[in-house]
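Trainee: For reference, this is model.txt, and it has compact mmCIF, C-alpha atoms and all ligand atoms.
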# COMPACT_ATOMS: atom_id res chain seq x y z
CA MET A 1 4.99 -37.13 7.28
CA ARG A 2 6.65 -38.35 4.07
CA VAL A 3 4.17 -38.84 1.25
CA LEU A 4 4.37 -40.44 -2.19
CA LEU A 5 1.66 -39.26 -4.59
CA ILE A 6 1.08 -41.46 -7.64
CA GLY A 7 -0.04 -39.74 -10.85
CA GLY A 8 0.80 -36.72 -12.94
CA GLY A 9 -2.42 -35.07 -14.15
CA GLY A 10 -4.29 -31.96 -13.10
CA ARG A 11 -5.95 -33.91 -10.29
CA GLU A 12 -2.57 -34.82 -8.83
CA HIS A 13 -1.28 -31.25 -9.13
CA ALA A 14 -4.32 -30.08 -7.13
CA LEU A 15 -3.72 -32.80 -4.51
CA ALA A 16 0.00 -32.01 -4.39
CA ALA A 17 -0.67 -28.30 -3.83
CA LYS A 18 -3.05 -29.10 -0.95
CA LEU A 19 -0.73 -31.67 0.63
CA ALA A 20 2.22 -29.27 0.31
CA ALA A 21 0.28 -26.74 2.40
CA SER A 22 0.03 -29.20 5.31
CA PRO A 23 2.13 -28.35 8.37
CA ARG A 24 2.43 -32.11 8.92
CA LEU A 25 4.15 -32.72 5.58
CA THR A 26 7.92 -33.02 5.56
CA THR A 27 8.50 -34.51 2.08
CA LEU A 28 6.28 -34.92 -0.96
CA ILE A 29 7.36 -37.10 -3.87
CA CYS A 30 5.24 -37.27 -7.03
CA ALA A 31 5.57 -40.12 -9.50
CA PRO A 32 5.65 -39.20 -12.28
CA GLY A 33 4.32 -35.72 -11.36
CA SER A 34 4.40 -32.87 -13.87
CA PRO A 35 6.13 -29.52 -14.40
CA GLY A 36 3.37 -28.21 -12.11
CA THR A 37 4.08 -30.54 -9.19
CA GLU A 38 7.79 -29.76 -9.47
CA ALA A 39 7.11 -26.45 -7.70
CA VAL A 40 5.69 -28.14 -4.58
CA ALA A 41 7.23 -31.64 -4.64
CA THR A 42 10.09 -33.76 -5.91
CA ASN A 43 9.17 -35.59 -9.09
CA ALA A 44 10.40 -39.17 -9.28
CA VAL A 45 10.90 -41.33 -12.35
CA LEU A 46 9.13 -44.56 -11.47
CA ASP A 47 7.35 -47.32 -13.37
CA VAL A 48 4.08 -47.35 -11.43
CA GLY A 49 3.18 -50.69 -13.02
CA ASP A 50 6.21 -52.23 -11.29
CA HIS A 51 4.84 -52.59 -7.78
CA LYS A 52 8.16 -53.82 -6.37
CA ALA A 53 9.83 -50.66 -7.65
CA VAL A 54 7.16 -48.55 -5.91
CA ILE A 55 7.67 -50.47 -2.65
CA ASP A 56 11.46 -50.10 -2.95
CA LEU A 57 11.12 -46.34 -3.41
CA CYS A 58 8.86 -46.15 -0.33
CA ARG A 59 11.45 -48.02 1.74
CA ILE A 60 14.42 -45.97 0.51
CA GLN A 61 12.53 -42.72 1.08
CA SER A 62 10.86 -43.83 4.37
CA VAL A 63 7.44 -42.98 2.95
CA ASN A 64 4.65 -42.98 5.59
CA LEU A 65 1.72 -42.69 3.20
CA VAL A 66 1.12 -43.41 -0.48
CA VAL A 67 -1.75 -41.53 -2.15
CA ILE A 68 -2.89 -43.08 -5.43
CA GLY A 69 -4.54 -40.60 -7.84
CA PRO A 70 -5.68 -42.48 -10.97
CA GLU A 71 -7.85 -45.60 -11.28
CA ALA A 72 -5.54 -47.79 -13.38
CA PRO A 73 -2.99 -48.54 -10.61
CA LEU A 74 -5.88 -49.17 -8.18
CA VAL A 75 -7.55 -51.68 -10.48
CA ALA A 76 -4.09 -53.24 -10.99
CA GLY A 77 -3.76 -53.86 -7.23
CA LEU A 78 -1.06 -51.36 -6.27
CA ALA A 79 -2.85 -50.65 -2.97
CA ASP A 80 -2.94 -54.38 -2.17
CA ASP A 81 0.79 -54.79 -2.72
CA LEU A 82 1.68 -51.68 -0.72
CA ALA A 83 -0.53 -52.80 2.18
CA ALA A 84 1.03 -56.27 2.08
CA ALA A 85 4.44 -54.59 2.37
CA GLY A 86 3.24 -52.73 5.47
CA ILE A 87 3.03 -49.32 3.80
CA ALA A 88 0.00 -47.12 4.55
CA VAL A 89 -1.94 -46.39 1.38
CA PHE A 90 -4.86 -44.13 0.54
CA GLY A 91 -6.84 -45.91 -2.17
CA PRO A 92 -8.92 -49.09 -2.49
CA THR A 93 -7.73 -52.65 -3.04
CA ALA A 94 -8.26 -54.19 -6.48
CA ASP A 95 -11.32 -56.05 -5.16
CA ALA A 96 -12.83 -52.83 -3.81
CA ALA A 97 -11.89 -50.97 -7.03
CA ARG A 98 -14.37 -53.22 -8.87
CA LEU A 99 -16.88 -50.50 -7.97
CA GLU A 100 -15.29 -48.61 -10.88
CA GLY A 101 -13.67 -51.49 -12.77
CA SER A 102 -16.87 -53.49 -13.35
CA LYS A 103 -20.25 -51.89 -13.96
CA GLY A 104 -21.92 -55.30 -13.56
CA PHE A 105 -20.37 -55.70 -10.09
CA THR A 106 -21.75 -52.33 -9.01
CA LYS A 107 -25.21 -53.06 -10.39
CA GLU A 108 -25.34 -56.34 -8.45
CA LEU A 109 -24.26 -54.54 -5.28
CA CYS A 110 -27.08 -52.03 -5.84
CA ASP A 111 -29.56 -54.91 -6.15
CA ARG A 112 -28.34 -56.57 -2.99
CA GLN A 113 -28.30 -53.37 -0.94
CA GLY A 114 -31.45 -51.77 -2.37
CA ILE A 115 -29.54 -48.78 -3.72
CA PRO A 116 -31.57 -46.65 -6.15
CA THR A 117 -30.13 -46.94 -9.67
CA ALA A 118 -31.28 -47.43 -13.27
CA ALA A 119 -33.00 -50.74 -14.09
CA TYR A 120 -30.67 -52.92 -16.16
CA GLY A 121 -29.77 -56.20 -17.84
CA ARG A 122 -26.31 -57.81 -18.00
CA PHE A 123 -25.28 -59.74 -21.13
CA ASN A 124 -22.31 -61.69 -22.46
CA ASN A 125 -23.56 -61.98 -26.03
CA ALA A 126 -25.02 -59.64 -28.63
CA PRO A 127 -28.28 -61.46 -29.54
CA LYS A 128 -29.56 -61.46 -25.94
CA ALA A 129 -28.52 -57.84 -25.38
CA LYS A 130 -30.27 -56.82 -28.60
CA ALA A 131 -33.44 -58.69 -27.72
CA TYR A 132 -33.54 -56.82 -24.39
CA VAL A 133 -33.06 -53.47 -26.17
CA ARG A 134 -35.89 -54.24 -28.61
CA GLN A 135 -38.13 -55.17 -25.70
CA GLN A 136 -37.27 -52.00 -23.69
CA GLY A 137 -37.15 -49.46 -26.54
CA ALA A 138 -35.21 -46.16 -26.65
CA PRO A 139 -33.79 -44.00 -25.20
CA ILE A 140 -31.57 -46.60 -23.56
CA VAL A 141 -27.96 -46.76 -22.35
CA ILE A 142 -25.34 -49.31 -23.47
CA LYS A 143 -22.22 -49.76 -21.31
CA ALA A 144 -19.11 -51.88 -21.79
CA ASP A 145 -18.63 -53.63 -18.43
CA GLY A 146 -14.96 -52.80 -17.83
CA LEU A 147 -12.68 -49.74 -17.85
CA ALA A 148 -12.83 -48.06 -21.26
CA ALA A 149 -11.20 -44.70 -20.52
CA GLY A 150 -14.61 -43.04 -20.24
CA LYS A 151 -15.59 -44.09 -23.78
CA GLY A 152 -17.53 -47.28 -23.08
CA VAL A 153 -20.95 -45.65 -22.61
CA THR A 154 -23.48 -44.91 -25.35
CA VAL A 155 -26.62 -43.00 -24.47
CA ALA A 156 -28.71 -44.22 -27.43
CA MET A 157 -31.67 -42.09 -28.45
CA THR A 158 -32.86 -44.74 -30.95
CA VAL A 159 -33.01 -48.55 -30.95
CA GLU A 160 -30.74 -48.62 -34.04
CA GLU A 161 -28.06 -46.63 -32.24
CA ALA A 162 -28.29 -49.00 -29.28
CA LEU A 163 -27.96 -52.08 -31.49
CA ALA A 164 -24.89 -50.58 -33.19
CA ALA A 165 -23.32 -49.85 -29.78
CA ILE A 166 -23.88 -53.46 -28.74
CA ASP A 167 -22.11 -54.63 -31.91
CA ASP A 168 -19.22 -52.25 -31.18
CA CYS A 169 -18.77 -53.73 -27.71
CA PHE A 170 -18.86 -57.36 -28.76
CA GLU A 171 -16.72 -56.70 -31.84
CA GLY A 172 -13.93 -55.47 -29.56
CA ALA A 173 -14.13 -51.66 -29.77
CA PHE A 174 -13.27 -51.54 -26.05
CA GLY A 175 -11.08 -54.65 -25.89
CA ASP A 176 -11.71 -56.90 -22.91
CA ALA A 177 -13.83 -54.17 -21.28
CA GLY A 178 -16.59 -54.98 -23.78
CA THR A 179 -16.86 -58.75 -23.45
CA GLU A 180 -19.77 -58.11 -21.11
CA VAL A 181 -22.36 -55.39 -21.60
CA VAL A 182 -24.76 -53.65 -19.24
CA VAL A 183 -27.95 -52.29 -20.83
CA GLU A 184 -29.55 -49.64 -18.67
CA GLU A 185 -32.70 -47.61 -18.33
CA PHE A 186 -32.21 -43.98 -19.44
CA LEU A 187 -32.42 -41.70 -16.40
CA GLU A 188 -33.71 -38.17 -16.79
CA GLY A 189 -32.61 -35.39 -14.48
CA GLU A 190 -29.62 -33.30 -13.47
CA GLU A 191 -26.25 -35.00 -13.08
CA VAL A 192 -24.06 -34.32 -10.09
CA SER A 193 -20.85 -35.78 -8.69
CA PHE A 194 -20.48 -36.35 -4.95
CA PHE A 195 -17.29 -37.32 -3.13
CA CYS A 196 -16.68 -39.08 0.20
CA LEU A 197 -13.56 -40.19 2.02
CA CYS A 198 -13.91 -43.77 3.25
CA ASP A 199 -11.93 -45.85 5.72
CA GLY A 200 -13.64 -49.21 5.14
CA LYS A 201 -16.39 -48.59 7.72
CA THR A 202 -17.08 -44.88 7.78
CA ALA A 203 -17.78 -42.37 5.02
CA LEU A 204 -16.89 -38.73 5.53
CA PRO A 205 -18.85 -36.56 3.09
CA LEU A 206 -16.72 -34.08 1.17
CA THR A 207 -18.64 -31.99 -1.31
CA SER A 208 -20.31 -31.96 -4.73
CA ALA A 209 -19.28 -30.83 -8.19
CA GLN A 210 -20.57 -30.81 -11.74
CA ASP A 211 -18.41 -31.41 -14.77
CA HIS A 212 -18.84 -30.88 -18.50
CA LYS A 213 -18.09 -34.04 -20.43
CA ARG A 214 -18.73 -32.98 -24.04
CA VAL A 215 -15.98 -31.22 -25.94
CA GLY A 216 -18.13 -28.40 -27.36
CA ASP A 217 -20.11 -25.45 -26.03
CA GLY A 218 -23.72 -26.22 -25.17
CA ASP A 219 -22.71 -29.81 -24.26
CA THR A 220 -22.20 -30.88 -27.88
CA GLY A 221 -19.67 -33.09 -29.66
CA PRO A 222 -17.81 -36.18 -28.44
CA ASN A 223 -17.33 -37.14 -24.80
CA THR A 224 -14.05 -36.24 -23.08
CA GLY A 225 -12.45 -36.83 -19.70
CA GLY A 226 -13.98 -33.48 -18.66
CA MET A 227 -13.71 -29.97 -20.11
CA GLY A 228 -14.32 -28.09 -16.89
CA ALA A 229 -16.10 -28.27 -13.55
CA TYR A 230 -17.40 -26.24 -10.65
CA SER A 231 -18.13 -26.85 -7.00
CA PRO A 232 -20.44 -26.94 -5.14
CA ALA A 233 -23.33 -28.10 -7.36
CA PRO A 234 -26.34 -25.90 -6.51
CA VAL A 235 -28.75 -28.84 -7.02
CA PHE A 236 -27.00 -30.76 -4.22
CA ASP A 237 -28.23 -29.12 -1.02
CA ALA A 238 -27.87 -30.42 2.56
CA GLY A 239 -31.10 -32.41 2.36
CA MET A 240 -29.99 -34.11 -0.85
CA GLN A 241 -26.61 -34.91 0.69
CA ALA A 242 -28.22 -36.50 3.74
CA ARG A 243 -30.42 -38.62 1.47
CA VAL A 244 -27.49 -39.77 -0.65
CA MET A 245 -25.41 -40.64 2.43
CA ASP A 246 -28.30 -42.67 3.80
CA GLU A 247 -29.71 -44.33 0.66
CA ILE A 248 -26.57 -44.79 -1.45
CA ILE A 249 -23.23 -44.33 0.32
CA ALA A 250 -23.89 -46.09 3.66
CA PRO A 251 -25.43 -49.23 2.07
CA THR A 252 -22.49 -49.35 -0.37
CA LEU A 253 -19.93 -49.40 2.44
CA LYS A 254 -21.96 -52.00 4.29
CA GLY A 255 -22.28 -54.17 1.19
CA MET A 256 -18.57 -53.94 0.39
CA ALA A 257 -17.60 -54.89 3.94
CA ALA A 258 -20.01 -57.84 3.79
CA LEU A 259 -18.31 -59.02 0.58
CA GLY A 260 -14.96 -58.98 2.37
CA CYS A 261 -13.63 -56.00 0.41
CA PRO A 262 -14.18 -52.93 2.61
CA PHE A 263 -13.77 -49.71 0.65
CA THR A 264 -10.94 -47.31 1.51
CA GLY A 265 -10.18 -44.16 -0.43
CA VAL A 266 -12.34 -41.67 -2.32
CA LEU A 267 -15.77 -42.85 -3.32
CA TYR A 268 -16.95 -40.69 -6.21
CA ALA A 269 -20.65 -41.17 -6.88
CA GLY A 270 -21.99 -40.11 -10.27
CA LEU A 271 -25.63 -39.35 -9.51
CA MET A 272 -28.75 -38.39 -11.41
CA VAL A 273 -31.15 -36.22 -9.45
CA THR A 274 -34.49 -37.45 -10.81
CA THR A 275 -38.06 -36.58 -9.90
CA GLU A 276 -38.02 -39.73 -7.74
CA GLY A 277 -34.87 -38.65 -5.94
CA PRO A 278 -31.15 -39.30 -6.37
CA LYS A 279 -30.09 -42.42 -8.28
CA LEU A 280 -26.62 -43.86 -8.73
CA ILE A 281 -25.30 -43.76 -12.32
CA GLU A 282 -21.86 -45.07 -11.54
CA TYR A 283 -19.05 -45.15 -9.01
CA ASN A 284 -15.46 -44.11 -9.45
CA VAL A 285 -12.89 -45.04 -6.85
CA ARG A 286 -10.75 -41.90 -7.03
CA PHE A 287 -11.11 -38.14 -7.20
CA GLY A 288 -12.62 -36.82 -10.43
CA ASP A 289 -10.42 -34.99 -12.88
CA PRO A 290 -11.11 -32.02 -13.21
CA GLU A 291 -13.52 -32.14 -10.21
CA CYS A 292 -10.61 -32.47 -7.76
CA GLN A 293 -9.26 -29.16 -9.04
CA VAL A 294 -12.39 -27.36 -7.79
CA ILE A 295 -12.80 -29.35 -4.57
CA MET A 296 -9.30 -28.84 -3.17
CA PRO A 297 -9.37 -25.01 -3.32
CA ARG A 298 -12.62 -25.04 -1.30
CA LEU A 299 -11.37 -27.32 1.48
CA SER A 300 -10.36 -25.28 4.53
CA GLY A 301 -7.80 -26.93 6.71
CA ASP A 302 -5.50 -29.86 6.33
CA LEU A 303 -6.05 -32.67 3.79
CA LEU A 304 -3.16 -34.85 4.90
CA PRO A 305 -4.51 -36.10 8.28
CA LEU A 306 -7.83 -36.92 6.60
CA LEU A 307 -6.15 -39.10 3.98
CA LYS A 308 -3.96 -40.77 6.60
CA ALA A 309 -6.95 -41.43 8.87
CA ALA A 310 -8.84 -42.98 5.94
CA ALA A 311 -5.83 -45.16 5.10
CA ASP A 312 -5.54 -46.28 8.75
CA GLY A 313 -9.25 -47.04 9.18
CA GLU A 314 -9.55 -44.19 11.68
CA LEU A 315 -11.84 -41.60 10.14
CA GLY A 316 -14.11 -41.97 13.18
CA ASP A 317 -15.92 -38.67 13.52
CA ALA A 318 -13.51 -36.58 11.47
CA THR A 319 -15.11 -33.48 10.00
CA THR A 320 -14.29 -31.08 7.19
CA ARG A 321 -14.80 -27.38 6.70
CA TRP A 322 -15.43 -25.69 3.36
CA THR A 323 -15.10 -22.09 2.25
CA ASP A 324 -18.32 -20.38 1.23
CA ASP A 325 -16.71 -19.66 -2.14
CA ALA A 326 -17.50 -21.41 -5.39
CA ALA A 327 -14.63 -22.74 -7.48
CA LEU A 328 -14.60 -23.24 -11.23
CA THR A 329 -12.01 -24.73 -13.56
CA VAL A 330 -11.66 -24.39 -17.33
CA VAL A 331 -9.71 -27.14 -19.07
CA MET A 332 -7.47 -25.93 -21.89
CA CYS A 333 -6.80 -28.62 -24.46
CA ALA A 334 -4.35 -29.29 -27.27
CA PRO A 335 -5.75 -28.99 -30.80
CA GLY A 336 -7.35 -32.23 -31.99
CA TYR A 337 -8.49 -33.34 -28.50
CA PRO A 338 -10.20 -35.73 -27.84
CA ALA A 339 -9.62 -37.74 -31.05
CA SER A 340 -5.93 -37.00 -31.73
CA PRO A 341 -4.38 -34.21 -29.66
CA LYS A 342 -1.35 -32.58 -31.22
CA LYS A 343 1.57 -32.32 -28.82
CA GLY A 344 4.46 -29.91 -28.80
CA SER A 345 3.01 -26.36 -29.03
CA VAL A 346 4.64 -23.80 -26.73
CA ILE A 347 2.68 -22.26 -23.83
CA GLY A 348 3.52 -18.84 -22.39
CA GLY A 349 2.06 -16.33 -19.99
CA LEU A 350 1.54 -18.60 -16.98
CA ASP A 351 3.54 -16.23 -14.76
CA LYS A 352 1.06 -13.41 -15.50
CA VAL A 353 -1.88 -15.66 -14.70
CA GLU A 354 -0.41 -17.03 -11.51
CA ALA A 355 -0.07 -13.46 -10.25
CA LEU A 356 -3.86 -12.94 -10.51
CA GLU A 357 -5.79 -13.05 -7.28
CA ASN A 358 -7.90 -16.16 -6.59
CA VAL A 359 -6.59 -17.93 -9.70
CA THR A 360 -4.49 -21.11 -9.80
CA VAL A 361 -3.24 -23.02 -12.81
CA PHE A 362 -2.98 -26.79 -12.43
CA HIS A 363 -0.89 -28.62 -14.98
CA ALA A 364 -2.36 -31.70 -16.68
CA GLY A 365 -0.57 -32.71 -19.92
CA THR A 366 2.43 -30.38 -19.90
CA ALA A 367 6.16 -30.99 -20.27
CA MET A 368 9.34 -28.93 -20.41
CA ARG A 369 11.35 -28.83 -23.64
CA ASP A 370 14.53 -26.74 -23.88
CA GLY A 371 13.36 -24.56 -21.01
CA GLU A 372 9.91 -23.95 -22.52
CA LEU A 373 6.56 -25.28 -21.34
CA ILE A 374 4.83 -27.35 -24.05
CA ALA A 375 1.57 -29.21 -24.53
CA ASN A 376 2.19 -32.90 -23.97
CA GLY A 377 -1.28 -34.44 -23.80
CA GLY A 378 -4.93 -33.84 -24.64
CA ARG A 379 -6.07 -31.94 -21.57
CA VAL A 380 -3.16 -29.61 -20.84
CA LEU A 381 -3.99 -26.84 -18.31
CA ASN A 382 -6.72 -26.38 -15.69
CA ILE A 383 -7.38 -22.70 -15.10
CA THR A 384 -9.05 -22.59 -11.71
CA ALA A 385 -10.63 -19.61 -9.97
CA THR A 386 -12.68 -18.99 -6.86
CA GLY A 387 -15.36 -16.38 -6.22
CA GLY A 388 -18.40 -15.54 -4.14
CA THR A 389 -20.61 -17.06 -6.83
CA VAL A 390 -20.09 -19.42 -9.77
CA SER A 391 -20.55 -16.38 -12.07
CA GLU A 392 -17.72 -14.55 -10.32
CA ALA A 393 -15.43 -17.59 -10.40
CA GLN A 394 -16.23 -18.06 -14.08
CA ALA A 395 -15.41 -14.44 -14.97
CA ARG A 396 -12.06 -14.73 -13.19
CA ALA A 397 -11.22 -18.06 -14.80
CA TYR A 398 -11.88 -16.78 -18.34
CA GLN A 399 -9.96 -13.58 -17.65
CA ALA A 400 -7.02 -15.84 -16.81
CA VAL A 401 -7.59 -18.04 -19.87
CA ASN A 402 -7.38 -14.92 -22.03
CA ALA A 403 -4.06 -13.96 -20.47
CA ILE A 404 -2.43 -17.26 -21.44
CA ASP A 405 -0.27 -17.13 -24.51
CA TRP A 406 -1.10 -20.39 -26.26
CA PRO A 407 -2.72 -19.74 -29.64
CA GLU A 408 -3.06 -23.47 -30.43
CA GLY A 409 -4.92 -24.29 -27.21
CA PHE A 410 -8.70 -24.32 -26.99
CA CYS A 411 -11.36 -24.55 -24.30
CA ARG A 412 -15.12 -24.35 -23.88
CA SER A 413 -16.47 -20.87 -23.30
CA ASP A 414 -19.50 -21.87 -21.19
CA ILE A 415 -18.17 -23.80 -18.20
CA GLY A 416 -20.60 -23.35 -15.32
CA TRP A 417 -23.60 -22.46 -17.50
CA ARG A 418 -26.11 -24.50 -15.55
CA ALA A 419 -25.21 -23.01 -12.18
CA ILE A 420 -24.96 -19.51 -13.65
CA ALA A 421 -28.43 -19.83 -15.19
CA ARG A 422 -29.70 -20.60 -11.68
CA GLU A 423 -27.82 -17.67 -10.16
CA ARG A 424 -29.53 -15.38 -12.67
P1 LIG A 501 -20.49 -43.17 -17.12
O1 LIG A 501 -19.19 -43.49 -17.84
O2 LIG A 501 -21.19 -44.34 -16.54
O3 LIG A 501 -20.33 -41.97 -16.22
O4 LIG A 501 -21.44 -42.60 -18.25
C1 LIG A 501 -21.09 -41.48 -19.01
C2 LIG A 501 -22.24 -40.55 -19.06
O5 LIG A 501 -23.34 -41.16 -19.69
C3 LIG A 501 -22.78 -40.14 -17.70
O6 LIG A 501 -22.04 -39.10 -17.15
C4 LIG A 501 -24.20 -39.73 -18.05
O7 LIG A 501 -24.21 -38.43 -18.60
C5 LIG A 501 -24.55 -40.71 -19.11
N1 LIG A 501 -25.28 -41.85 -18.55
C6 LIG A 501 -24.77 -42.99 -18.05
N2 LIG A 501 -25.75 -43.80 -17.60
C7 LIG A 501 -26.91 -43.15 -17.82
C8 LIG A 501 -28.29 -43.47 -17.59
N3 LIG A 501 -28.67 -44.64 -17.07
N4 LIG A 501 -29.21 -42.56 -17.95
C9 LIG A 501 -28.86 -41.39 -18.52
N5 LIG A 501 -27.59 -41.03 -18.77
C10 LIG A 501 -26.62 -41.90 -18.43
N1 LIG A 502 -14.36 -35.98 -14.84
C1 LIG A 502 -14.83 -37.29 -14.82
C2 LIG A 502 -13.97 -38.27 -14.18
O1 LIG A 502 -12.99 -37.97 -13.55
O2 LIG A 502 -14.29 -39.45 -14.30
Could the structure of this file be written out as structure tokens, please?
Mentor:
Amino acid sequence: MRVLLIGGGGREHALAAKLAASPRLTTLICAPGSPGTEAVATNAVLDVGDHKAVIDLCRIQSVNLVVIGPEAPLVAGLADDLAAAGIAVFGPTADAARLEGSKGFTKELCDRQGIPTAAYGRFNNAPKAKAYVRQQGAPIVIKADGLAAGKGVTVAMTVEEALAAIDDCFEGAFGDAGTEVVVEEFLEGEEVSFFCLCDGKTALPLTSAQDHKRVGDGDTGPNTGGMGAYSPAPVFDAGMQARVMDEIIAPTLKGMAALGCPFTGVLYAGLMVTTEGPKLIEYNVRFGDPECQVIMPRLSGDLLPLLKAAADGELGDATTRWTDDAALTVVMCAPGYPASPKKGSVIGGLDKVEALENVTVFHAGTAMRDGELIANGGRVLNITATGGTVSEAQARAYQAVNAIDWPEGFCRSDIGWRAIARER
């Protein structure tokens, strides 16, 4: 099979590595890819926003399947245009991608399908949103409706903070994403991410993970795209998974099909495990980054036929197998991340790390300059390790981090703390 993988972050490097291991793969093209994907694929220069150019590349290269990594091309309708051109694509249509692209859309779906989630109000002006906040009190959660690169959510511990967040949204802090605001009940519990492959009708459960969104140790400082992750999440046992499939995932697929936009691709449920049971915080319509980097190393067997079956609406009773190992990834970042990452510092020592057993380095924001690897983004490297326990995977991952020669880079030193506290 000839596959085009869209994207160039750590998530796509992890997907590329897994796809490259498939006996069914003949050619893998990554656009744009990264210095990491270069080792397992051919990187292509392609303007992913130019859908005709993507289709032309697929025709010239006889691509049998396009796998779309990030959310932006999905929300922009790349999957729709590929499907219209008769090219098999793994990833939802723009209409189905509203599950991530519009928080209001997802909340309404939850209402219609009786899916457990936080109580909420939806507002298109500040005075009404503020009145609702004053009536509900704090803590309370303010969300810009649209895509805001993970920055559109304020968990407000006071009413004042909530009112300020409402002003930010309506004053344009998140552009068009903030012209509508969702105000939500604060949910207490443990957060977990759960991933399923979907073919429009059927959902095939994958596995769970937990990430670390704050930049600093002890979950402090500003939010980021994710500073590290591990899989599986100990809180998410088989009973919990069955409940989530039944109460959240199945009614979502049913509701989407009823709306005429059946969901194909990865459904990534952000969940809060509360004393009343699991509740949906949000959906994403793609693999998590860096969660994908800990899921792929645990998947036994071939990813490619699963993605193709999902794209073709033929998941049927496909199954997956998982190693008993835990996987953990530490994200190494450029100085100044998340506010203003400084690009250009030189990274060495990857060869030493790649020789370590049960350790893999996935490239996120890297580039080559004059034959040297440099930092070229905020999140730069994902140091991923497996082990019999999360503690073991963590020890290996940090041993590898210490072997990397990149004095400017930084990372959190406590990835996995919650699971490790349980293991102890
Ligand atoms: P989101 O972008 O929707 O994932 O929100 C970012 C983060 O805000 C989530 O990962 C949670 O940690 C937190 N959050 C979002 N909604 C709620 C909620 N209703 N209650 C508590 N925390 C929330
Ligand atoms: N790590 C969070 C995300 O991918 O949205």
Trainee: Separation of CA of Ser208 in chain A and CA of Thr274 in chain A, in Å?
Mentor: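 Computing it gives 16.4 Å between the two atoms.
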Trainee: When you look at range 170-175 of chain A with a cut-off of 12 Å (counting all atoms listed in the file), what residues show up, excluding the ones that are within fewer than 4 positions of it in the same chain? I need them as a compact mmCIF listing (two decimals) with C-alpha atoms, keeping the file's coordinate frame.
Mentor:
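Output below, filename selection_26.txt:
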# COMPACT_ATOMS: atom_id res chain seq x y z
CA PHE A 123 -25.28 -59.74 -21.13
CA ASN A 124 -22.31 -61.69 -22.46
CA ASN A 125 -23.56 -61.98 -26.03
CA ALA A 126 -25.02 -59.64 -28.63
CA PRO A 127 -28.28 -61.46 -29.54
CA LYS A 128 -29.56 -61.46 -25.94
CA ALA A 129 -28.52 -57.84 -25.38
CA LYS A 130 -30.27 -56.82 -28.60
CA ILE A 142 -25.34 -49.31 -23.47
CA LYS A 143 -22.22 -49.76 -21.31
CA ALA A 144 -19.11 -51.88 -21.79
CA ASP A 145 -18.63 -53.63 -18.43
CA GLY A 146 -14.96 -52.80 -17.83
CA LEU A 147 -12.68 -49.74 -17.85
CA ALA A 148 -12.83 -48.06 -21.26
CA ALA A 149 -11.20 -44.70 -20.52
CA GLY A 150 -14.61 -43.04 -20.24
CA LYS A 151 -15.59 -44.09 -23.78
CA GLY A 152 -17.53 -47.28 -23.08
CA VAL A 153 -20.95 -45.65 -22.61
CA LEU A 163 -27.96 -52.08 -31.49
CA ALA A 164 -24.89 -50.58 -33.19
CA ALA A 165 -23.32 -49.85 -29.78
CA ILE A 166 -23.88 -53.46 -28.74
CA THR A 179 -16.86 -58.75 -23.45
CA GLU A 180 -19.77 -58.11 -21.11
CA VAL A 181 -22.36 -55.39 -21.60
CA VAL A 182 -24.76 -53.65 -19.24
Trainee: Give the residue list for ligand LIG 502 (chain A) at 10 Å, counting all atoms listed in the file, as a ChimeraX atom specification, sorted by chain and then by residue number.
Mentor: /A:11,70-71,100,149-150,193,209-213,224-229,268-270,282-292
Trainee: How many Å lie between CA of Asp351 in chain A and CA of Gly9 in chain A, rounded to one decimal?
Mentor: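 Taking CA of Asp351 in chain A and CA of Gly9 in chain A, their separation equals 19.8 Å.
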Trainee: Each residue of chain A lying at most 6 Å from ligand LIG 501 (chain A) should get a row with its shortest atom-to-atom pair and the distance in Å to one decimal, counting all atoms listed in the file; could you produce that, ordered by chain and increasing number, as CSV?
Mentor:
residue,atom,partner,partner_atom,distance
A:Ala118,CA,A:LIG501,N3,5.4
A:Val141,CA,A:LIG501,N3,5.7
A:Gly150,CA,A:LIG501,O1,5.2
A:Val153,CA,A:LIG501,O4,5.3
A:Glu184,CA,A:LIG501,N3,5.3
A:Glu185,CA,A:LIG501,N3,5.2
A:Phe186,CA,A:LIG501,N4,3.6
A:Leu187,CA,A:LIG501,N4,3.7
A:Ile281,CA,A:LIG501,N2,5.3
A:Glu282,CA,A:LIG501,O2,5.1
Trainee: Counting all atoms listed in the file, figure out which residue out of A:Thr220, A:Ser300, A:Ser34, A:Gln113 gets nearest to Ala250 in chain A.
Mentor: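 For Ala250 in chain A, the nearest of the candidates is A:Gln113.
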Trainee: Fewer than 6 positions away in the same chain doesn't count, so skip those; otherwise give me all residues within 10 Å of range 339-341 of chain A, counting all atoms listed in the file, as a PDB file with C-alpha atoms, keeping the file's coordinate frame.
Mentor:
ATOM      1  CA  PRO A 222     -17.810 -36.180 -28.440  1.00  0.00           C
ATOM      2  CA  ASN A 223     -17.330 -37.140 -24.800  1.00  0.00           C
ATOM      3  CA  THR A 224     -14.050 -36.240 -23.080  1.00  0.00           C
ATOM      4  CA  CYS A 333      -6.800 -28.620 -24.460  1.00  0.00           C
ATOM      5  CA  ALA A 375       1.570 -29.210 -24.530  1.00  0.00           C
ATOM      6  CA  ASN A 376       2.190 -32.900 -23.970  1.00  0.00           C
ATOM      7  CA  GLY A 377      -1.280 -34.440 -23.800  1.00  0.00           C
ATOM      8  CA  GLY A 378      -4.930 -33.840 -24.640  1.00  0.00           C
ATOM      9  CA  ARG A 379      -6.070 -31.940 -21.570  1.00  0.00           C
TER      10      ARG A 379
END
